[in-house]
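Source file data14.pdb; content: PDB, C-alpha atoms and all ligand atoms.
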```
MODEL        1
ATOM      1  CA  GLU A  14     108.537  85.442 114.990
ATOM      2  CA  SER A  15     104.917  86.354 114.300
ATOM      3  CA  ILE A  16     105.295  90.069 113.516
ATOM      4  CA  ALA A  17     107.914  89.213 110.879
ATOM      5  CA  ARG A  18     105.564  86.693 109.314
ATOM      6  CA  PHE A  19     102.773  89.285 109.316
ATOM      7  CA  LEU A  20     105.012  91.935 107.693
ATOM      8  CA  ARG A  21     106.119  89.578 104.933
ATOM      9  CA  GLY A  22     102.612  88.372 104.185
ATOM     10  CA  MET A  23     100.614  91.582 104.336
ATOM     11  CA  PRO A  24      99.531  93.052 100.992
ATOM     12  CA  LYS A  25     101.240  96.407 100.425
ATOM     13  CA  ALA A  26     101.811  99.195  97.904
ATOM     14  CA  GLU A  27     105.277 100.438  96.983
ATOM     15  CA  LEU A  28     105.306 104.134  96.059
ATOM     16  CA  HIS A  29     109.000 105.040  96.079
ATOM     17  CA  ILE A  30     111.142 102.786  93.922
ATOM     18  CA  HIS A  31     113.529 104.065  91.245
ATOM     19  CA  ILE A  32     113.450 101.290  88.693
ATOM     20  CA  GLU A  33     117.081 101.999  87.729
ATOM     21  CA  GLY A  34     117.872 101.459  91.414
ATOM     22  CA  SER A  35     116.584  97.884  91.206
ATOM     23  CA  LEU A  36     119.358  96.944  88.771
ATOM     24  CA  GLU A  37     121.314  94.229  90.594
ATOM     25  CA  PRO A  38     125.074  93.894  89.935
ATOM     26  CA  GLU A  39     124.523  90.498  88.287
ATOM     27  CA  LEU A  40     122.072  92.026  85.802
ATOM     28  CA  ILE A  41     124.381  95.015  85.206
ATOM     29  CA  PHE A  42     127.115  92.592  84.124
ATOM     30  CA  ARG A  43     124.751  90.454  82.053
ATOM     31  CA  LEU A  44     123.454  93.522  80.158
ATOM     32  CA  ALA A  45     126.996  94.906  79.745
ATOM     33  CA  GLN A  46     128.007  91.646  78.102
ATOM     34  CA  ARG A  47     124.859  91.486  75.958
ATOM     35  CA  ASN A  48     125.410  95.061  74.736
ATOM     36  CA  GLY A  49     129.200  95.102  74.472
ATOM     37  CA  VAL A  50     129.508  97.815  77.120
ATOM     38  CA  THR A  51     132.767  97.954  79.104
ATOM     39  CA  LEU A  52     132.389  98.631  82.819
ATOM     40  CA  PRO A  53     135.065 100.208  85.036
ATOM     41  CA  TYR A  54     134.722  97.197  87.384
ATOM     42  CA  ALA A  55     136.257  93.753  86.837
ATOM     43  CA  ASP A  56     133.371  91.710  88.250
ATOM     44  CA  VAL A  57     130.216  91.647  90.356
ATOM     45  CA  GLU A  58     132.186  91.533  93.599
ATOM     46  CA  SER A  59     134.276  94.609  92.872
ATOM     47  CA  LEU A  60     131.177  96.527  91.757
ATOM     48  CA  ARG A  61     129.359  95.582  94.939
ATOM     49  CA  ALA A  62     132.424  96.587  96.957
ATOM     50  CA  ALA A  63     132.037 100.121  95.563
ATOM     51  CA  TYR A  64     128.610 100.397  97.243
ATOM     52  CA  ALA A  65     129.927 102.263 100.287
ATOM     53  CA  PHE A  66     128.233 105.633 100.282
ATOM     54  CA  THR A  67     128.796 108.725 102.407
ATOM     55  CA  ASN A  68     125.913 110.863 101.117
ATOM     56  CA  LEU A  69     123.371 111.095  98.284
ATOM     57  CA  GLN A  70     125.875 112.305  95.658
ATOM     58  CA  SER A  71     128.348 109.475  96.295
ATOM     59  CA  PHE A  72     125.505 107.054  95.549
ATOM     60  CA  LEU A  73     124.195 108.900  92.491
ATOM     61  CA  ASP A  74     127.619 108.776  90.785
ATOM     62  CA  ILE A  75     127.590 104.953  90.895
ATOM     63  CA  TYR A  76     123.848 104.674  90.181
ATOM     64  CA  TYR A  77     124.162 106.645  86.924
ATOM     65  CA  ALA A  78     127.229 104.563  85.921
ATOM     66  CA  GLY A  79     125.227 101.353  86.502
ATOM     67  CA  ALA A  80     122.398 102.596  84.282
ATOM     68  CA  SER A  81     124.803 102.997  81.338
ATOM     69  CA  VAL A  82     124.325  99.321  80.397
ATOM     70  CA  LEU A  83     120.649  99.950  79.500
ATOM     71  CA  LEU A  84     120.311 100.372  75.739
ATOM     72  CA  THR A  85     117.417  98.385  74.252
ATOM     73  CA  GLU A  86     113.710  98.025  74.941
ATOM     74  CA  ASP A  87     114.417  94.491  76.175
ATOM     75  CA  ASP A  88     116.937  95.854  78.691
ATOM     76  CA  PHE A  89     114.302  98.124  80.247
ATOM     77  CA  HIS A  90     111.756  95.313  80.218
ATOM     78  CA  ASP A  91     114.161  92.818  81.812
ATOM     79  CA  MET A  92     115.151  95.284  84.558
ATOM     80  CA  ALA A  93     111.542  96.040  85.482
ATOM     81  CA  TRP A  94     110.479  92.409  85.222
ATOM     82  CA  ALA A  95     113.199  91.387  87.697
ATOM     83  CA  TYR A  96     111.792  94.004  90.080
ATOM     84  CA  PHE A  97     108.237  92.730  89.676
ATOM     85  CA  GLU A  98     109.304  89.174  90.517
ATOM     86  CA  ARG A  99     110.873  90.506  93.744
ATOM     87  CA  ALA A 100     107.793  92.627  94.400
ATOM     88  CA  LYS A 101     105.549  89.573  94.074
ATOM     89  CA  ALA A 102     107.681  87.687  96.613
ATOM     90  CA  ASP A 103     107.221  90.617  99.023
ATOM     91  CA  ASN A 104     103.424  90.651  98.528
ATOM     92  CA  ILE A 105     103.337  94.011  96.769
ATOM     93  CA  VAL A 106      99.985  94.322  94.994
ATOM     94  CA  HIS A 107     100.393  97.906  93.723
ATOM     95  CA  ALA A 108     103.603  99.641  92.630
ATOM     96  CA  GLU A 109     104.357 103.120  91.292
ATOM     97  CA  LEU A 110     107.748 103.085  89.591
ATOM     98  CA  PHE A 111     109.950 106.131  89.127
ATOM     99  CA  PHE A 112     112.047 106.255  85.991
ATOM    100  CA  ASP A 113     114.713 108.785  84.969
ATOM    101  CA  PRO A 114     114.425 109.248  81.182
ATOM    102  CA  GLN A 115     117.155 111.903  81.018
ATOM    103  CA  THR A 116     119.734 109.394  82.262
ATOM    104  CA  HIS A 117     119.060 107.479  79.061
ATOM    105  CA  THR A 118     118.097 110.077  76.463
ATOM    106  CA  ASP A 119     121.297 111.995  77.262
ATOM    107  CA  ARG A 120     123.199 108.836  76.162
ATOM    108  CA  GLY A 121     121.270 108.662  72.891
ATOM    109  CA  VAL A 122     118.635 106.120  73.945
ATOM    110  CA  PRO A 123     115.263 107.205  72.529
ATOM    111  CA  PHE A 124     112.527 108.126  75.035
ATOM    112  CA  ALA A 125     110.218 105.579  73.371
ATOM    113  CA  THR A 126     112.719 102.746  73.940
ATOM    114  CA  VAL A 127     112.780 103.503  77.666
ATOM    115  CA  ILE A 128     109.059 103.860  78.249
ATOM    116  CA  ASP A 129     107.947 101.081  75.900
ATOM    117  CA  GLY A 130     110.306  98.575  77.536
ATOM    118  CA  LEU A 131     109.101  99.556  81.006
ATOM    119  CA  ARG A 132     105.452  99.513  79.932
ATOM    120  CA  ARG A 133     105.822  96.000  78.521
ATOM    121  CA  ALA A 134     106.945  94.802  81.957
ATOM    122  CA  VAL A 135     104.185  96.796  83.708
ATOM    123  CA  ASP A 136     101.487  95.273  81.518
ATOM    124  CA  ARG A 137     102.957  91.800  81.941
ATOM    125  CA  ALA A 138     103.031  92.230  85.752
ATOM    126  CA  GLY A 139      99.321  92.978  85.649
ATOM    127  CA  ARG A 140      98.576  89.886  83.581
ATOM    128  CA  GLU A 141     100.970  87.336  85.075
ATOM    129  CA  LEU A 142     101.543  88.497  88.679
ATOM    130  CA  ASP A 143      98.334  90.369  89.470
ATOM    131  CA  ILE A 144     100.425  93.431  90.406
ATOM    132  CA  HIS A 145      98.912  96.735  89.320
ATOM    133  CA  ALA A 146     101.750  99.092  88.419
ATOM    134  CA  GLU A 147     102.113 102.624  87.090
ATOM    135  CA  LEU A 148     105.046 104.764  85.921
ATOM    136  CA  ILE A 149     106.081 108.201  87.218
ATOM    137  CA  LEU A 150     108.532 110.218  85.123
ATOM    138  CA  CYS A 151     111.184 111.934  87.238
ATOM    139  CA  PHE A 152     113.077 115.035  86.181
ATOM    140  CA  LEU A 153     116.743 115.201  87.204
ATOM    141  CA  ARG A 154     117.091 118.294  89.366
ATOM    142  CA  HIS A 155     120.849 118.683  88.823
ATOM    143  CA  LEU A 156     120.014 119.469  85.182
ATOM    144  CA  SER A 157     118.300 122.641  83.959
ATOM    145  CA  GLU A 158     114.586 123.374  83.890
ATOM    146  CA  ASP A 159     114.866 123.757  80.102
ATOM    147  CA  ALA A 160     116.123 120.166  79.924
ATOM    148  CA  ALA A 161     113.134 119.076  82.021
ATOM    149  CA  LEU A 162     110.774 120.998  79.703
ATOM    150  CA  ALA A 163     112.339 119.286  76.678
ATOM    151  CA  THR A 164     111.821 115.908  78.373
ATOM    152  CA  LEU A 165     108.150 116.705  79.010
ATOM    153  CA  GLU A 166     107.813 117.537  75.296
ATOM    154  CA  GLN A 167     109.371 114.167  74.378
ATOM    155  CA  ALA A 168     106.900 112.497  76.730
ATOM    156  CA  ARG A 169     103.810 114.116  75.182
ATOM    157  CA  PRO A 170     103.142 111.353  72.618
ATOM    158  CA  HIS A 171     103.258 108.837  75.507
ATOM    159  CA  LEU A 172     100.845 110.422  77.994
ATOM    160  CA  ASN A 173      98.784 107.212  78.161
ATOM    161  CA  LYS A 174     101.829 105.309  79.486
ATOM    162  CA  PHE A 175     102.624 107.185  82.725
ATOM    163  CA  ILE A 176     100.523 108.837  85.407
ATOM    164  CA  GLY A 177     102.682 111.543  86.898
ATOM    165  CA  VAL A 178     105.929 113.410  87.319
ATOM    166  CA  GLY A 179     108.478 113.561  90.109
ATOM    167  CA  LEU A 180     111.757 115.270  90.937
ATOM    168  CA  ASP A 181     114.903 113.424  91.955
ATOM    169  CA  SER A 182     118.745 113.421  91.901
ATOM    170  CA  SER A 183     121.040 115.859  93.794
ATOM    171  CA  GLU A 184     118.828 117.787  96.211
ATOM    172  CA  VAL A 185     120.900 120.410  98.023
ATOM    173  CA  GLY A 186     121.417 123.469  95.806
ATOM    174  CA  HIS A 187     118.565 122.464  93.494
ATOM    175  CA  PRO A 188     115.367 123.656  95.219
ATOM    176  CA  PRO A 189     111.920 122.797  93.866
ATOM    177  CA  GLU A 190     111.403 126.440  92.740
ATOM    178  CA  LYS A 191     113.908 125.787  89.956
ATOM    179  CA  PHE A 192     111.217 123.610  88.297
ATOM    180  CA  ALA A 193     108.122 125.787  88.774
ATOM    181  CA  ARG A 194     107.289 126.098  85.049
ATOM    182  CA  VAL A 195     107.675 122.447  84.077
ATOM    183  CA  PHE A 196     105.529 121.281  86.987
ATOM    184  CA  ALA A 197     102.878 123.874  86.129
ATOM    185  CA  GLU A 198     102.782 122.429  82.627
ATOM    186  CA  ALA A 199     102.606 118.877  83.940
ATOM    187  CA  ARG A 200      99.678 119.801  86.195
ATOM    188  CA  ALA A 201      97.933 121.510  83.287
ATOM    189  CA  ILE A 202      98.182 118.253  81.309
ATOM    190  CA  GLY A 203      96.522 116.461  84.214
ATOM    191  CA  LEU A 204      99.551 114.572  85.494
ATOM    192  CA  ARG A 205      99.923 113.643  89.167
ATOM    193  CA  VAL A 206     102.766 115.356  91.033
ATOM    194  CA  VAL A 207     105.296 114.129  93.593
ATOM    195  CA  ALA A 208     108.775 115.393  94.519
ATOM    196  CA  HIS A 209     111.774 114.305  96.534
ATOM    197  CA  ALA A 210     112.191 116.859  99.311
ATOM    198  CA  GLY A 211     113.724 116.872 102.756
ATOM    199  CA  GLU A 212     115.939 113.843 102.164
ATOM    200  CA  GLU A 213     119.150 115.823 102.771
ATOM    201  CA  GLY A 214     117.666 119.246 102.021
ATOM    202  CA  PRO A 215     115.946 121.640 104.450
ATOM    203  CA  PRO A 216     112.244 121.850 105.406
ATOM    204  CA  ALA A 217     112.018 124.906 103.098
ATOM    205  CA  TYR A 218     112.312 122.497 100.148
ATOM    206  CA  ILE A 219     109.277 120.572 101.408
ATOM    207  CA  TRP A 220     107.281 123.816 101.671
ATOM    208  CA  SER A 221     108.162 124.775  98.104
ATOM    209  CA  ALA A 222     107.523 121.253  96.769
ATOM    210  CA  LEU A 223     103.972 121.697  98.100
ATOM    211  CA  ASP A 224     103.391 125.374  97.334
ATOM    212  CA  VAL A 225     105.349 125.852  94.111
ATOM    213  CA  LEU A 226     105.224 122.404  92.478
ATOM    214  CA  GLY A 227     101.865 121.261  93.828
ATOM    215  CA  ALA A 228     103.278 117.966  95.129
ATOM    216  CA  GLU A 229     100.595 115.555  96.355
ATOM    217  CA  ARG A 230     103.130 113.350  98.159
ATOM    218  CA  ILE A 231     106.613 114.040  99.476
ATOM    219  CA  ASP A 232     109.347 111.510  98.757
ATOM    220  CA  HIS A 233     111.479 111.043 101.898
ATOM    221  CA  GLY A 234     110.483 114.229 103.807
ATOM    222  CA  VAL A 235     112.304 113.027 106.923
ATOM    223  CA  GLN A 236     113.791 116.487 107.565
ATOM    224  CA  ALA A 237     110.257 117.762 108.269
ATOM    225  CA  THR A 238     110.676 117.113 111.997
ATOM    226  CA  LYS A 239     112.950 120.176 112.102
ATOM    227  CA  ASP A 240     109.899 122.398 111.427
ATOM    228  CA  PRO A 241     106.822 122.051 113.701
ATOM    229  CA  LEU A 242     104.680 124.315 111.498
ATOM    230  CA  LEU A 243     105.445 122.111 108.506
ATOM    231  CA  ILE A 244     104.519 118.985 110.474
ATOM    232  CA  GLU A 245     101.198 120.640 111.353
ATOM    233  CA  ARG A 246     100.544 121.319 107.657
ATOM    234  CA  LEU A 247     101.468 117.785 106.531
ATOM    235  CA  VAL A 248      99.196 116.295 109.192
ATOM    236  CA  ARG A 249      96.280 118.644 108.444
ATOM    237  CA  GLU A 250      96.411 118.035 104.687
ATOM    238  CA  ARG A 251      97.252 114.335 105.000
ATOM    239  CA  ILE A 252     100.237 114.729 102.677
ATOM    240  CA  PRO A 253     101.893 111.289 102.582
ATOM    241  CA  LEU A 254     105.640 110.814 103.099
ATOM    242  CA  THR A 255     107.254 107.944 101.174
ATOM    243  CA  VAL A 256     109.999 107.061 103.629
ATOM    244  CA  CYS A 257     112.907 104.745 102.745
ATOM    245  CA  PRO A 258     114.660 103.648 105.951
ATOM    246  CA  LEU A 259     117.514 101.507 104.563
ATOM    247  CA  SER A 260     118.282 104.220 101.995
ATOM    248  CA  ASN A 261     118.483 106.860 104.717
ATOM    249  CA  VAL A 262     121.014 104.795 106.672
ATOM    250  CA  LYS A 263     123.124 103.870 103.599
ATOM    251  CA  LEU A 264     123.267 107.545 102.576
ATOM    252  CA  CYS A 265     124.101 108.607 106.147
ATOM    253  CA  VAL A 266     120.943 110.669 106.707
ATOM    254  CA  PHE A 267     120.665 108.741 110.004
ATOM    255  CA  GLY A 268     123.554 107.018 111.780
ATOM    256  CA  ASP A 269     121.606 103.783 112.095
ATOM    257  CA  LEU A 270     118.038 102.496 111.941
ATOM    258  CA  ALA A 271     117.580 102.879 115.708
ATOM    259  CA  GLN A 272     118.022 106.641 115.214
ATOM    260  CA  HIS A 273     115.498 106.855 112.356
ATOM    261  CA  ASN A 274     112.530 109.176 112.963
ATOM    262  CA  LEU A 275     109.902 106.977 111.259
ATOM    263  CA  ALA A 276     108.142 106.104 114.533
ATOM    264  CA  GLU A 277     108.204 109.757 115.596
ATOM    265  CA  LEU A 278     106.618 110.767 112.270
ATOM    266  CA  MET A 279     103.873 108.169 112.765
ATOM    267  CA  ASP A 280     103.279 109.315 116.349
ATOM    268  CA  LEU A 281     102.924 112.900 115.083
ATOM    269  CA  GLY A 282     100.053 111.694 112.898
ATOM    270  CA  LEU A 283     101.677 111.794 109.479
ATOM    271  CA  VAL A 284     100.658 109.460 106.650
ATOM    272  CA  VAL A 285     103.958 107.544 106.552
ATOM    273  CA  THR A 286     104.778 104.718 104.131
ATOM    274  CA  ILE A 287     107.805 102.387 103.955
ATOM    275  CA  ASN A 288     109.545 101.920 100.601
ATOM    276  CA  SER A 289     112.823 100.640  99.151
ATOM    277  CA  ASP A 290     114.091 103.608  97.025
ATOM    278  CA  ASP A 291     117.017 101.841  95.271
ATOM    279  CA  PRO A 292     116.890  98.292  96.631
ATOM    280  CA  ALA A 293     119.813  96.878  94.627
ATOM    281  CA  TYR A 294     122.095  99.496  96.170
ATOM    282  CA  PHE A 295     120.758  99.858  99.714
ATOM    283  CA  GLY A 296     120.663  96.299 101.005
ATOM    284  CA  GLY A 297     117.129  95.158 100.466
ATOM    285  CA  TYR A 298     113.666  95.275  98.956
ATOM    286  CA  ILE A 299     110.517  96.457 100.701
ATOM    287  CA  ASN A 300     110.116  93.565 103.140
ATOM    288  CA  GLN A 301     113.733  93.963 104.280
ATOM    289  CA  ASN A 302     112.960  97.634 104.961
ATOM    290  CA  PHE A 303     109.929  96.626 107.036
ATOM    291  CA  LEU A 304     111.709  93.850 108.949
ATOM    292  CA  ASP A 305     114.858  95.805 109.800
ATOM    293  CA  THR A 306     112.939  98.971 110.753
ATOM    294  CA  PHE A 307     110.476  97.084 112.958
ATOM    295  CA  ALA A 308     113.340  95.323 114.740
ATOM    296  CA  ALA A 309     115.404  98.478 115.261
ATOM    297  CA  LEU A 310     112.502 100.653 116.460
ATOM    298  CA  ASN A 311     110.599  97.892 118.255
ATOM    299  CA  LEU A 312     107.431  98.628 116.263
ATOM    300  CA  ARG A 313     104.139  96.797 116.869
ATOM    301  CA  LEU A 314     101.362  95.146 114.923
ATOM    302  CA  TRP A 315      99.336  98.371 114.799
ATOM    303  CA  HIS A 316     102.296 100.091 113.103
ATOM    304  CA  ALA A 317     102.309  97.372 110.438
ATOM    305  CA  LYS A 318      98.588  97.681 109.785
ATOM    306  CA  GLN A 319      98.789 101.481 109.733
ATOM    307  CA  LEU A 320     101.722 101.457 107.278
ATOM    308  CA  ALA A 321      99.913  99.094 104.901
ATOM    309  CA  ARG A 322      96.722 101.178 105.112
ATOM    310  CA  ASN A 323      98.753 104.354 104.522
ATOM    311  CA  SER A 324     100.391 102.848 101.434
ATOM    312  CA  PHE A 325      96.983 102.320  99.828
ATOM    313  CA  GLU A 326      95.631 105.707 100.927
ATOM    314  CA  ALA A 327      98.718 107.396  99.426
ATOM    315  CA  ALA A 328      98.568 105.417  96.170
ATOM    316  CA  PHE A 329      97.447 107.015  92.917
ATOM    317  CA  ALA A 330      94.648 104.546  92.249
ATOM    318  CA  THR A 331      90.910 104.827  91.851
ATOM    319  CA  GLN A 332      88.755 104.475  94.964
ATOM    320  CA  GLU A 333      87.395 101.270  93.437
ATOM    321  CA  ARG A 334      90.846  99.761  93.152
ATOM    322  CA  LYS A 335      91.804 100.894  96.670
ATOM    323  CA  ALA A 336      88.638  99.316  98.040
ATOM    324  CA  ALA A 337      89.622  96.037  96.408
ATOM    325  CA  TYR A 338      93.081  96.190  98.041
ATOM    326  CA  ASN A 339      91.724  96.807 101.532
TER
HETATM  327  N1  LIG B   1     117.597 108.901  92.521
HETATM  328  C1  LIG B   1     117.593 107.609  92.885
HETATM  329  N2  LIG B   1     117.507 107.501  94.210
HETATM  330  C2  LIG B   1     117.446 108.766  94.707
HETATM  331  C3  LIG B   1     117.332 109.322  96.003
HETATM  332  N3  LIG B   1     117.279 108.553  97.099
HETATM  333  N4  LIG B   1     117.315 110.656  96.125
HETATM  334  C4  LIG B   1     117.372 111.431  95.044
HETATM  335  N5  LIG B   1     117.476 110.961  93.806
HETATM  336  C5  LIG B   1     117.502 109.638  93.639
HETATM  337 ZN    ZN B   2     114.180 108.248  95.846
ENDMDL
END
```

Would you mind writing the structure in this file as structure tokens?
Ligand code: ADE
Ligand code: ZN
Amino acid sequence: ESIARFLRGMPKAELHIHIEGSLEPELIFRLAQRNGVTLPYADVESLRAAYAFTNLQSFLDIYYAGASVLLTEDDFHDMAWAYFERAKADNIVHAELFFDPQTHTDRGVPFATVIDGLRRAVDRAGRELDIHAELILCFLRHLSEDAALATLEQARPHLNKFIGVGLDSSEVGHPPEKFARVFAEARAIGLRVVAHAGEEGPPAYIWSALDVLGAERIDHGVQATKDPLLIERLVRERIPLTVCPLSNVKLCVFGDLAQHNLAELMDLGLVVTINSDDPAYFGGYINQNFLDTFAALNLRLWHAKQLARNSFEAAFATQERKAAYN
């Protein structure tokens, strides 16, 4: 029907996509073969069958296993390029990609291999697809702050290749405060700051992502509705939430899409965006997230226009570039 056609066709920005989470089972097997890596799954079907998650950790275990096939610069390029082709089909014109260097450097893959492969795809997307993309380096919060500081040191020769830092992986038990020093250093360098908070964790983690880390956007943030004072703050300061509806259902944050609080967050006046998180694992790319959420929550044309506008407002782009998008 017409709203679906509008959602598919409208230009949009994607601000919450883990590039390792765009690795489709078919590409995992192709890279495993290319690199002589043995997987604990016989074929694509049995790997896909393992994608039945009960919470964030049950997903992360499989997500890190999938990333083990990535070894060469070409592997990182090919993964990101496959994402950009999907992004083009969904009318994404601006994308900010999270990457998890520690997942790779801890396996002996050099930092430069990771970022140079990704950058090659980013630059190519600009030239060949007219998609403007940027990279955001995420620290793994289940690891130590010293490990994050070491990663920031490894990244220093590459500061022209990424625009910011984020915080992801296992949330509960790893509050933002654990990373106060490394985020202070990142801010001092001039990097932009985001953090996952309030996906499974409490509103207190959203407060500390803002107050301790200096986060300019909150990734997920759906637990904020448990704290009216926090909602007031997020509205007043126009702190965007990068919400990922299909992810939240797959990881059992909400029982189903009809129970998702995205419409409530919009009604409260928050700057909400829709994103795919880990599309290869959660059942769809950004347009699937839009279509399924609009159907389940009976959202209207004004929601669509507001979400697209929000995605550009929340983007880390110059005012000139944003003006060109709108
Ligand atoms: N890494 C990849 N996807 C993630 C998510 N949804 N939450 C935390 N860490 C992640
Ligand atoms: Zn995420």

Please write out the residues within 9 Å of ligand LIG 1 (chain B) as a PyMOL selection string, counting only C-alpha atoms and all ligand atoms. chain A and resi 30-34+69-70+72-73+76-77+111-113+151+153-154+180-184+209-210+212-213+232-233+257+260-261+264+290-291

Selection above as a file: C-alpha atoms, as an mmCIF file, in the coordinates of the input:
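Saved to result20.cif:
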```
data_model
loop_
_atom_site.group_PDB
_atom_site.id
_atom_site.type_symbol
_atom_site.label_atom_id
_atom_site.label_comp_id
_atom_site.auth_asym_id
_atom_site.auth_seq_id
_atom_site.Cartn_x
_atom_site.Cartn_y
_atom_site.Cartn_z
ATOM 1 C CA ILE A 30 111.142 102.786 93.922
ATOM 2 C CA HIS A 31 113.529 104.065 91.245
ATOM 3 C CA ILE A 32 113.450 101.290 88.693
ATOM 4 C CA GLU A 33 117.081 101.999 87.729
ATOM 5 C CA GLY A 34 117.872 101.459 91.414
ATOM 6 C CA LEU A 69 123.371 111.095 98.284
ATOM 7 C CA GLN A 70 125.875 112.305 95.658
ATOM 8 C CA PHE A 72 125.505 107.054 95.549
ATOM 9 C CA LEU A 73 124.195 108.900 92.491
ATOM 10 C CA TYR A 76 123.848 104.674 90.181
ATOM 11 C CA TYR A 77 124.162 106.645 86.924
ATOM 12 C CA PHE A 111 109.950 106.131 89.127
ATOM 13 C CA PHE A 112 112.047 106.255 85.991
ATOM 14 C CA ASP A 113 114.713 108.785 84.969
ATOM 15 C CA CYS A 151 111.184 111.934 87.238
ATOM 16 C CA LEU A 153 116.743 115.201 87.204
ATOM 17 C CA ARG A 154 117.091 118.294 89.366
ATOM 18 C CA LEU A 180 111.757 115.270 90.937
ATOM 19 C CA ASP A 181 114.903 113.424 91.955
ATOM 20 C CA SER A 182 118.745 113.421 91.901
ATOM 21 C CA SER A 183 121.040 115.859 93.794
ATOM 22 C CA GLU A 184 118.828 117.787 96.211
ATOM 23 C CA HIS A 209 111.774 114.305 96.534
ATOM 24 C CA ALA A 210 112.191 116.859 99.311
ATOM 25 C CA GLU A 212 115.939 113.843 102.164
ATOM 26 C CA GLU A 213 119.150 115.823 102.771
ATOM 27 C CA ASP A 232 109.347 111.510 98.757
ATOM 28 C CA HIS A 233 111.479 111.043 101.898
ATOM 29 C CA CYS A 257 112.907 104.745 102.745
ATOM 30 C CA SER A 260 118.282 104.220 101.995
ATOM 31 C CA ASN A 261 118.483 106.860 104.717
ATOM 32 C CA LEU A 264 123.267 107.545 102.576
ATOM 33 C CA ASP A 290 114.091 103.608 97.025
ATOM 34 C CA ASP A 291 117.017 101.841 95.271
#
```

Can you pull out every residue within 12 Å of His316 (chain A), counting only C-alpha atoms, but drop anything in the same chain fewer than 4 positions away, and send it as a VMD selection string? chain A and resid 16 19 to 20 275 to 280 282 284 to 287 303 306 to 307 310 to 312 320 to 323

Using the chain letters and numbers from this file, what does the PyMOL selection byres (((chain A and resi 268-273) around 7) and not hetatm) select? Give the answer as a short mmCIF file (atom, residue, chain, number, x, y, z; two decimals) with C-alpha atoms, keeping the file's coordinate frame.
```
data_model
loop_
_atom_site.label_atom_id
_atom_site.label_comp_id
_atom_site.auth_asym_id
_atom_site.auth_seq_id
_atom_site.Cartn_x
_atom_site.Cartn_y
_atom_site.Cartn_z
CA PRO A 258 114.66 103.65 105.95
CA VAL A 262 121.01 104.80 106.67
CA CYS A 265 124.10 108.61 106.15
CA VAL A 266 120.94 110.67 106.71
CA PHE A 267 120.66 108.74 110.00
CA ASN A 274 112.53 109.18 112.96
CA LEU A 275 109.90 106.98 111.26
CA THR A 306 112.94 98.97 110.75
CA ALA A 309 115.40 98.48 115.26
CA LEU A 310 112.50 100.65 116.46
#
```

Emit as lines of an AutoDock Vina configuration file the padded axis-aligned box for all listed atoms of region 320-329 of chain A, 6 Å per side, with centre and edge lengths in Å to one decimal.
```
center_x = 98.7
center_y = 103.2
center_z = 100.1
size_x = 18.1
size_y = 20.3
size_z = 26.4
```

Please expand the PyMOL selection byres (((chain A and resi 99) around 12) and not hetatm) into the concrete residues it hits in this file, giving the result as an MDAnalysis selection string. chainID A and resid 27 35:37 92:98 100:106 108 138 142 144 289 292:293 297:301

Matched chain/residue IDs from the PyMOL selection byres (((chain A and resi 47) around 12) and not hetatm), as a ChimeraX atom specification: /A:40-46,48-51,82-85,87-88

Need the shell around region 196-203 of chain A: protein/DNA/RNA residues with any atom at most 12 Å away, counting all atoms listed in the file. Skip same-chain ones fewer than 4 positions apart. Format as a PyMOL selection string? chain A and resi 149-152+158-159+161-166+168-169+172-173+175-180+189-192+207-208+221-229

Just to be explicit: take each residue in the selection above, keep C-alpha atoms, and write the result as a CSV table (one decimal), keeping the file's coordinate frame.
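The file below, part-v3.csv, is the result:
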```csv
chain,number,residue,atom,x,y,z
A,149,ILE,CA,106.1,108.2,87.2
A,150,LEU,CA,108.5,110.2,85.1
A,151,CYS,CA,111.2,111.9,87.2
A,152,PHE,CA,113.1,115.0,86.2
A,158,GLU,CA,114.6,123.4,83.9
A,159,ASP,CA,114.9,123.8,80.1
A,161,ALA,CA,113.1,119.1,82.0
A,162,LEU,CA,110.8,121.0,79.7
A,163,ALA,CA,112.3,119.3,76.7
A,164,THR,CA,111.8,115.9,78.4
A,165,LEU,CA,108.2,116.7,79.0
A,166,GLU,CA,107.8,117.5,75.3
A,168,ALA,CA,106.9,112.5,76.7
A,169,ARG,CA,103.8,114.1,75.2
A,172,LEU,CA,100.8,110.4,78.0
A,173,ASN,CA,98.8,107.2,78.2
A,175,PHE,CA,102.6,107.2,82.7
A,176,ILE,CA,100.5,108.8,85.4
A,177,GLY,CA,102.7,111.5,86.9
A,178,VAL,CA,105.9,113.4,87.3
A,179,GLY,CA,108.5,113.6,90.1
A,180,LEU,CA,111.8,115.3,90.9
A,189,PRO,CA,111.9,122.8,93.9
A,190,GLU,CA,111.4,126.4,92.7
A,191,LYS,CA,113.9,125.8,90.0
A,192,PHE,CA,111.2,123.6,88.3
A,207,VAL,CA,105.3,114.1,93.6
A,208,ALA,CA,108.8,115.4,94.5
A,221,SER,CA,108.2,124.8,98.1
A,222,ALA,CA,107.5,121.3,96.8
A,223,LEU,CA,104.0,121.7,98.1
A,224,ASP,CA,103.4,125.4,97.3
A,225,VAL,CA,105.3,125.9,94.1
A,226,LEU,CA,105.2,122.4,92.5
A,227,GLY,CA,101.9,121.3,93.8
A,228,ALA,CA,103.3,118.0,95.1
A,229,GLU,CA,100.6,115.6,96.4
```

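Closest approach to Tyr218 (chain A) from the set A:His107, A:His187, A:Arg133, A:Lys318 is made by A:His187, with distances taken over all atoms listed in the file.
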
Please, what distance in Å, to one decimal, runs between CA of Ala125 (chain A) and CA of Glu109 (chain A)?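 Straight-line distance from CA of Ala125 (chain A) to CA of Glu109 (chain A) works out to 19.0 Å.
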
What does the structure give for the distance between CA of His117 (chain A) and CA of Ser71 (chain A), in Å to one decimal?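 Distance between the two atoms: 19.7 Å.
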